[in-house]
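Worksheet: one structure, shown below.
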Amino acid sequence: MTYVIGADLGTSAVKLLLVDQNGEIAQEVSRSYPLIQPQTGYSEQDPEVWVEQTIAALREMLDQFEGDPGEIEGISFSGQMHGLVLLDEQYNVLRHAILWNDTRTTRQCQEIHDTVGKERLLRITKNPALEGFTLPKILWVKEHEPDIFAKATKFVLPKDYVRYRLTGKLHMEYSDAAGTLLLDVGRNEWSHEICSLLDIDDDFCPPLVTSHDQVGTVDARVADETGLSEATRVFAGGADNACGAIGSGILEEGKTLCSIGTSGVVLSYEGLSDKDFHGKVHYFNHGAPEAYYTMGVTLAAGYSLSWFKDVFAKNESFDDLAAEVGSVPIGSNGLLFTPYVAGERTPHADASIRASFIGMDSSHARRNFVRAVMEGITFSLNESIDIFRKSGKTIDTVVSTGGGAKNDDWLQMQADIFDAKIVKLSSEQGAGMGAAMLAAYGCGWFDSLQDCANAYLKEDKSFIPNRDSVDKYKKLFGLYQDVYGQTKELNERLAVYRN
Ligand SMILES: Nc1ncnc2c1ncn2[C@@H]1O[C@H](COP(=O)(O)OP(=O)(O)O)[C@@H](O)[C@H]1O
Ligand SMILES: O=C(CO)[C@@H](O)[C@H](O)COP(=O)(O)O
């Protein structure tokens with residue numbers, strides 16, 4: 001039997017899938033790492049920790065693997081998007097990576113809009129400047145850490161750095177490059193115009209490849225450390241949401257994905273690069289050839305639940321925390337949560353907004369809060385569904401993936417709030433599966449990613465909307481939508497008290 005590995009470098013953990021030629025998952029290994037949050041709005045990770053944990057996870061996988069390492073033909077990557085990794089001339093890391101959910105760059109976003117022009121930026125990159133994207137982070141380091149910036153010769157994204165350490169070869173691929181705000185998304189090339197307007201050297205941007213391109217093989221030292229064969233082929237991979245789309249079969253028009261990881265995403269396939277959503281949703285290159293996707297992002301989806309667990313139930317599992325959610329009625333007995341613990345992106349690009357529990361009552365128990373958190377996250381994702389529907393898309397079926405798809409009550413809640421059939425595939429690790437599929441396609445096992453999807457992806461369960469619940473949630477959604485406007489100014493006044 002031959003195998004490929006899909007490595008998903010998420011925000012909470014690196015997750016490896018060993019997938020055989022028939023698409024069966026032979027092994028799963030995961031290693032977590034923390035967020036570094038020195039002050040409010042900041043979110044960083046140490047790239048060396050990503051590398052250590054990826055190597056440790058590979059070693060664990062190979063220790064358990066009973067076949068010959070030479071049977072593992074390929075490995076590819078899915079990665080949390082937008083994170084800035086700055087490298088010096090020898091490709092040493094210059095500072096901690098600044099992540100996608102770091103919102104310190106509001107001023108730099110304004111600078112980009114002022115210098116490039118909002119319309120021109122939208123035309124070239126298909127996206128407005130948002131705090132999470134990479135370019136504002138580059139400008140922040142340039143302004144606040146000039147000594148570090150002076151040493152920087154290249155920037156890459158999280159999975160690109162890990163792949164570099166596994167192969168010695170430095171690249172970026174289009175699906176992740178699209179989230180930097182430096183890529184001309186329609187033309188598939190770095191935008192010389194944006195670079196020069198913002199005084200960024202063209203050489204600062206790494207060479208571009210496509211997601212299924214082979215970029216090298218496993219470096220001898222890494223092979224020694226992990227037990228992998230030096231002959232294992234390494235493929236570029238994709239942004240985690242592009243890989244999530246591949247691993248969920250979102251490979252043609254009309255298909256929709258909901259992913260609840262640390263972030264939350266509602267994503268829709270696009271065959272063309274020239275539709276106009278006026279920047280209301282992100283518009284990026286797919287990991288599939290000559291394709292695109294649009295998506296809305298909830299900044300703190302799974303993260304809101306993990307925040308709640310860390311503060312109120314640290315030593316419990318997610319399963320234990322959510323065990324009683326099904327016994328709490330829709331609306332959590334009048335408790336409403338907005339998941340803005342780290343600010344928000346879609347539809348409110350707002351770094352200052354913070355979360356609220358509205359309607360706390362002395363009768364509420366912890367289970368009410370847990371359900372309210374899950375409902376609030378799902379309402380936020382429904383705002384993206386709403387934008388897509390209003391743009392004319394039909395959304396009647398949604399493939400649900402990510403850590404949040406492990407909970408059946410949450411999947412039913414998604415069906416009832418989105419008013420759409422929810423499909424859960426046999427693995428909730430869509431991004432890791434997408435990375436494995438890129439390796440399988442890159443190895444030449446299939447003629448197309450669609451053929452690979454037909455062979456690999458199996459529906460496990462589906463969840464049908466319950467009419468009565470849909471009606472109740474429609475009314476609650478209106479209330480939920482009112483909370484943002486009514487808490488915005490209060491949060492701006494509270495901001496001075498944050499650390
Ligand atoms: N058993 C579970 N039930 C409900 N939610 C879960 C469960 N396990 C994990 N999660 C949610 O999934 C999130 C992690 O999802 P994951 O896709 O692994 O994230 P990432 O790719 O960002 O590292 C957690 O923050 C949590 O909110
Ligand atoms: O910023 C975005 C997308 O624009 C996030 O979706 C990141 O890509 C992180 O993903 P997860 O770790 O939540 O999967």
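Residue numbers start at 1 in each chain; chains themselves are named A, B, ... in the order of the structure tokens; ligands are numbered from 1 in the order shown.
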
For this session: Write down as a ChimeraX atom specification the residues of range 378-478 of chain A whose backbone DSSP state falls under helix (DSSP H, G or I).
Result: /A:378-390,403-406,408-418,430-442,449-456,467-478

Problem set entry | Within 7 Å of ligand 2 (only C-alpha atoms and all ligand atoms), residues as a PyMOL selection string | chain A and resi 10-12+79-82+100-101+132+179+239-241+260-265+297

Problem set entry | For Asp203 in chain A: contacts at 8 Å, only C-alpha atoms, fewer than 3 positions along chain excluded, given as a ChimeraX atom specification | /A:153-154,206

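Based on only C-alpha atoms and all ligand atoms, the protein and nucleic acid residues found within 7 Å of ligand 1 are, by chain and then by number, Gly10, Thr11, Ser12, Ala13, Val14, Ile260, Gly261, Thr262, Ser263, Ala301, Gly302, Tyr303, Ser304, Leu305, Ser306, Phe318, Asp319, Ala322, Gly402, Gly403, Gly404, Ala405, Lys406, Asn407 and Gln429 of chain A.
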
Who sits within 7 Å of Ala342 in chain A, only C-alpha atoms, same chain under 3 positions skipped, as a PDB file with C-alpha atoms, in the first residue's frame:
ATOM      1  CA  GLY A  41      -5.251  42.606  20.227  1.00  0.00           C
ATOM      2  CA  LEU A 299     -12.599  35.826  13.994  1.00  0.00           C
ATOM      3  CA  ALA A 300     -13.252  33.890  17.193  1.00  0.00           C
ATOM      4  CA  ARG A 354     -15.749  42.787  22.184  1.00  0.00           C
TER       5      ARG A 354
END

Exercise. With only C-alpha atoms as the basis for distance, which of A:Pro465, A:Gly249, A:Gly168, A:Gly83 is at the shortest distance from Ile98 in chain A?
Worked result: A:Gly83

Exercise. Counting only C-alpha atoms, which of A:Phe369, A:Leu170, A:Val423, A:Asp160 gets nearest to Phe312 in chain A?
Worked result: A:Phe369

Problem set entry | Residues near Leu18 in chain A, cut-off 10 Å, only C-alpha atoms, skip fewer than 6 positions along chain, as a list in words | Tyr3, Val4, Ile5, Gly6, Ala7, Glu24, Ile25, Ala26, Gln27, Glu28, Val29, Leu58, Met61, Leu62, Phe65, Ile72, Ile75, Gly432, Met433 and Ala436 of chain A

Kindly save the residues from that selection, with N, CA and C atoms included, as a PDB file, in the first residue's frame.
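Below is the file that was written, selection-v6.pdb:
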ATOM      1  N   TYR A   3       0.991   5.628   0.616  1.00  0.00           N
ATOM      2  CA  TYR A   3       0.334   6.607   1.500  1.00  0.00           C
ATOM      3  C   TYR A   3       0.788   8.028   1.165  1.00  0.00           C
ATOM      4  N   VAL A   4      -0.012   8.990   1.628  1.00  0.00           N
ATOM      5  CA  VAL A   4       0.427  10.394   1.662  1.00  0.00           C
ATOM      6  C   VAL A   4       0.112  10.951   3.051  1.00  0.00           C
ATOM      7  N   ILE A   5       0.814  12.009   3.408  1.00  0.00           N
ATOM      8  CA  ILE A   5       0.525  12.686   4.686  1.00  0.00           C
ATOM      9  C   ILE A   5      -0.030  14.075   4.381  1.00  0.00           C
ATOM     10  N   GLY A   6      -1.127  14.423   5.048  1.00  0.00           N
ATOM     11  CA  GLY A   6      -1.651  15.789   5.011  1.00  0.00           C
ATOM     12  C   GLY A   6      -1.362  16.408   6.366  1.00  0.00           C
ATOM     13  N   ALA A   7      -0.616  17.518   6.385  1.00  0.00           N
ATOM     14  CA  ALA A   7      -0.259  18.175   7.651  1.00  0.00           C
ATOM     15  C   ALA A   7      -0.979  19.517   7.723  1.00  0.00           C
ATOM     16  N   GLU A  24      -8.451   5.996   2.757  1.00  0.00           N
ATOM     17  CA  GLU A  24      -8.736   5.641   4.161  1.00  0.00           C
ATOM     18  C   GLU A  24      -7.689   6.306   5.057  1.00  0.00           C
ATOM     19  N   ILE A  25      -8.158   6.819   6.201  1.00  0.00           N
ATOM     20  CA  ILE A  25      -7.208   7.423   7.146  1.00  0.00           C
ATOM     21  C   ILE A  25      -6.592   6.304   7.978  1.00  0.00           C
ATOM     22  N   ALA A  26      -5.272   6.137   7.829  1.00  0.00           N
ATOM     23  CA  ALA A  26      -4.588   5.048   8.535  1.00  0.00           C
ATOM     24  C   ALA A  26      -4.137   5.500   9.931  1.00  0.00           C
ATOM     25  N   GLN A  27      -3.821   6.768  10.063  1.00  0.00           N
ATOM     26  CA  GLN A  27      -3.368   7.284  11.366  1.00  0.00           C
ATOM     27  C   GLN A  27      -3.663   8.776  11.470  1.00  0.00           C
ATOM     28  N   GLU A  28      -3.888   9.218  12.717  1.00  0.00           N
ATOM     29  CA  GLU A  28      -4.046  10.658  12.992  1.00  0.00           C
ATOM     30  C   GLU A  28      -3.175  11.006  14.176  1.00  0.00           C
ATOM     31  N   VAL A  29      -2.423  12.075  14.082  1.00  0.00           N
ATOM     32  CA  VAL A  29      -1.596  12.518  15.213  1.00  0.00           C
ATOM     33  C   VAL A  29      -1.768  14.033  15.333  1.00  0.00           C
ATOM     34  N   LEU A  58       5.421  13.984  13.366  1.00  0.00           N
ATOM     35  CA  LEU A  58       5.854  13.060  12.293  1.00  0.00           C
ATOM     36  C   LEU A  58       6.570  11.853  12.898  1.00  0.00           C
ATOM     37  N   MET A  61       4.082   9.560  14.337  1.00  0.00           N
ATOM     38  CA  MET A  61       3.375   8.849  13.266  1.00  0.00           C
ATOM     39  C   MET A  61       4.243   7.726  12.700  1.00  0.00           C
ATOM     40  N   LEU A  62       5.510   8.048  12.450  1.00  0.00           N
ATOM     41  CA  LEU A  62       6.399   7.034  11.854  1.00  0.00           C
ATOM     42  C   LEU A  62       6.721   5.922  12.848  1.00  0.00           C
ATOM     43  N   PHE A  65       3.895   3.598  12.533  1.00  0.00           N
ATOM     44  CA  PHE A  65       3.645   3.105  11.173  1.00  0.00           C
ATOM     45  C   PHE A  65       4.296   1.735  10.988  1.00  0.00           C
ATOM     46  N   ILE A  72       5.445   5.878   1.991  1.00  0.00           N
ATOM     47  CA  ILE A  72       4.831   7.217   2.123  1.00  0.00           C
ATOM     48  C   ILE A  72       5.399   8.067   0.990  1.00  0.00           C
ATOM     49  N   ILE A  75       3.982  14.245   0.932  1.00  0.00           N
ATOM     50  CA  ILE A  75       3.440  15.006   2.067  1.00  0.00           C
ATOM     51  C   ILE A  75       3.091  16.405   1.567  1.00  0.00           C
ATOM     52  N   GLY A 432      -6.760  19.028   6.656  1.00  0.00           N
ATOM     53  CA  GLY A 432      -5.717  17.993   6.581  1.00  0.00           C
ATOM     54  C   GLY A 432      -5.981  17.052   5.414  1.00  0.00           C
ATOM     55  N   MET A 433      -7.256  16.714   5.204  1.00  0.00           N
ATOM     56  CA  MET A 433      -7.615  15.830   4.089  1.00  0.00           C
ATOM     57  C   MET A 433      -7.324  16.528   2.755  1.00  0.00           C
ATOM     58  N   ALA A 436      -3.692  16.273   2.123  1.00  0.00           N
ATOM     59  CA  ALA A 436      -3.358  14.906   1.680  1.00  0.00           C
ATOM     60  C   ALA A 436      -3.781  14.718   0.224  1.00  0.00           C
TER      61      ALA A 436
END

For this session: Please identify all polymer residues within 12 Å of Val222 in chain A, counting only C-alpha atoms, omitting same-chain residues fewer than 6 positions from it, and present them as number ranges by chain.
Result: A: 51-52, 54-56, 58-59, 162-168, 228-232

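For Thr210 in chain A, the residues within 9 Å (counting only C-alpha atoms, excluding itself and residues fewer than 6 positions away along the chain) are Met172, Glu173, Tyr174, Ser175, Ala236, Gly237, Gly238, Gly287, Ala288 and Pro289 of chain A.
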
Output C-alpha atoms of each residue in that selection to a file, as an mmCIF file, in the first residue's frame.
data_model
loop_
_atom_site.group_PDB
_atom_site.id
_atom_site.type_symbol
_atom_site.label_atom_id
_atom_site.label_comp_id
_atom_site.auth_asym_id
_atom_site.auth_seq_id
_atom_site.Cartn_x
_atom_site.Cartn_y
_atom_site.Cartn_z
ATOM 1 C CA MET A 172 4.770 30.489 -1.263
ATOM 2 C CA GLU A 173 1.752 29.209 -3.204
ATOM 3 C CA TYR A 174 -1.132 31.187 -4.664
ATOM 4 C CA SER A 175 -3.942 30.277 -2.271
ATOM 5 C CA ALA A 236 3.394 23.038 -1.738
ATOM 6 C CA GLY A 237 -0.089 22.694 -0.186
ATOM 7 C CA GLY A 238 -2.555 25.488 0.453
ATOM 8 C CA GLY A 287 -5.949 25.414 -4.062
ATOM 9 C CA ALA A 288 -7.595 23.785 -7.081
ATOM 10 C CA PRO A 289 -6.176 24.976 -10.425
#

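CA of Asp276 in chain A lies 14.0 Å from CA of Lys118 in chain A.
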
For this session: Could you give me, as a PyMOL selection string, each residue of range 11-129 of chain A that DSSP assigns to strand (DSSP E) when run on this structure's backbone?
Result: chain A and resi 13-20+25-32+44-45+72-79+85-87+97-98

Those selected residues, please, written with N, CA and C atoms and delivered as a compact mmCIF listing (two decimals), in the first residue's frame.
# COMPACT_ATOMS: atom_id res chain seq x y z
N ALA A 13 -3.20 23.70 16.89
CA ALA A 13 -2.38 22.49 16.86
C ALA A 13 -1.97 22.17 15.44
N VAL A 14 -0.92 21.33 15.32
CA VAL A 14 -0.62 20.74 14.02
C VAL A 14 -1.25 19.35 14.03
N LYS A 15 -1.99 19.06 12.95
CA LYS A 15 -2.73 17.79 12.89
C LYS A 15 -2.30 17.03 11.64
N LEU A 16 -1.82 15.81 11.82
CA LEU A 16 -1.34 15.02 10.68
C LEU A 16 -2.32 13.90 10.37
N LEU A 17 -2.58 13.70 9.09
CA LEU A 17 -3.38 12.55 8.64
C LEU A 17 -2.50 11.71 7.73
N LEU A 18 -2.44 10.40 8.01
CA LEU A 18 -1.79 9.47 7.09
C LEU A 18 -2.92 8.82 6.30
N VAL A 19 -2.91 9.03 5.00
CA VAL A 19 -4.04 8.59 4.16
C VAL A 19 -3.52 7.59 3.12
N ASP A 20 -4.21 6.45 2.99
CA ASP A 20 -3.72 5.47 2.02
C ASP A 20 -4.28 5.78 0.63
N ILE A 25 -8.16 6.82 6.20
CA ILE A 25 -7.21 7.42 7.15
C ILE A 25 -6.59 6.30 7.98
N ALA A 26 -5.27 6.14 7.83
CA ALA A 26 -4.59 5.05 8.53
C ALA A 26 -4.14 5.50 9.93
N GLN A 27 -3.82 6.77 10.06
CA GLN A 27 -3.37 7.28 11.37
C GLN A 27 -3.66 8.78 11.47
N GLU A 28 -3.89 9.22 12.72
CA GLU A 28 -4.05 10.66 12.99
C GLU A 28 -3.17 11.01 14.18
N VAL A 29 -2.42 12.07 14.08
CA VAL A 29 -1.60 12.52 15.21
C VAL A 29 -1.77 14.03 15.33
N SER A 30 -1.81 14.53 16.56
CA SER A 30 -1.96 15.98 16.74
C SER A 30 -1.07 16.47 17.87
N ARG A 31 -0.49 17.62 17.70
CA ARG A 31 0.34 18.25 18.75
C ARG A 31 -0.07 19.72 18.87
N SER A 32 -0.41 20.13 20.07
CA SER A 32 -0.90 21.51 20.21
C SER A 32 0.21 22.48 20.59
N GLU A 44 0.43 36.01 18.68
CA GLU A 44 1.67 35.57 18.03
C GLU A 44 1.93 34.10 18.33
N GLN A 45 2.80 33.50 17.53
CA GLN A 45 3.32 32.16 17.84
C GLN A 45 4.78 32.11 17.43
N ILE A 72 5.45 5.88 1.99
CA ILE A 72 4.83 7.22 2.12
C ILE A 72 5.40 8.07 0.99
N GLU A 73 4.61 8.19 -0.07
CA GLU A 73 5.14 8.81 -1.30
C GLU A 73 5.19 10.32 -1.25
N GLY A 74 4.23 10.92 -0.53
CA GLY A 74 4.19 12.38 -0.56
C GLY A 74 3.65 12.98 0.72
N ILE A 75 3.98 14.24 0.93
CA ILE A 75 3.44 15.01 2.07
C ILE A 75 3.09 16.41 1.57
N SER A 76 2.00 16.92 2.07
CA SER A 76 1.67 18.30 1.73
C SER A 76 1.04 19.01 2.93
N PHE A 77 0.84 20.31 2.80
CA PHE A 77 0.52 21.14 3.96
C PHE A 77 -0.72 22.00 3.75
N SER A 78 -1.41 22.19 4.87
CA SER A 78 -2.47 23.18 4.96
C SER A 78 -2.03 24.10 6.09
N GLY A 79 -2.27 25.39 5.97
CA GLY A 79 -1.77 26.26 7.05
C GLY A 79 -2.70 27.38 7.40
N VAL A 85 5.80 35.66 8.89
CA VAL A 85 7.08 35.11 9.36
C VAL A 85 8.17 35.88 8.61
N LEU A 86 9.00 36.61 9.37
CA LEU A 86 10.05 37.44 8.75
C LEU A 86 11.39 36.72 8.83
N LEU A 87 12.10 36.68 7.69
CA LEU A 87 13.36 35.93 7.63
C LEU A 87 14.52 36.85 7.26
N ALA A 97 6.00 35.01 14.88
CA ALA A 97 5.04 35.26 13.80
C ALA A 97 3.87 36.07 14.35
N ILE A 98 3.40 37.04 13.56
CA ILE A 98 2.20 37.81 13.94
C ILE A 98 1.03 37.16 13.18

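With distances restricted to only C-alpha atoms, A:Lys475 is the closest residue to Phe379 in chain A from A:Lys475, A:His171, A:His278, A:His286.
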
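Reported to one decimal place, the separation of CA of Gly271 in chain A from CA of Glu290 in chain A is 7.5 Å.
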
Problem set entry | Which residue of A:Gln450, A:Ser268, A:Gln90, A:Thr226 approaches Ile395 in chain A most closely, using only C-alpha atoms | A:Ser268

Seminar exercise, completed: A straight line from CA of Thr105 in chain A to CA of Arg120 in chain A spans 20.1 Å

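Taking only C-alpha atoms into account, Gly442 in chain A lies nearest to A:Val234 out of the set A:Val311, A:Ala220, A:Met295, A:Val234.
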
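Restricting the calculation to only C-alpha atoms, the smallest distance between Met413 in chain A and any of A:Val341, A:Ala245, A:Val325, A:Ala440 is found for A:Val325.
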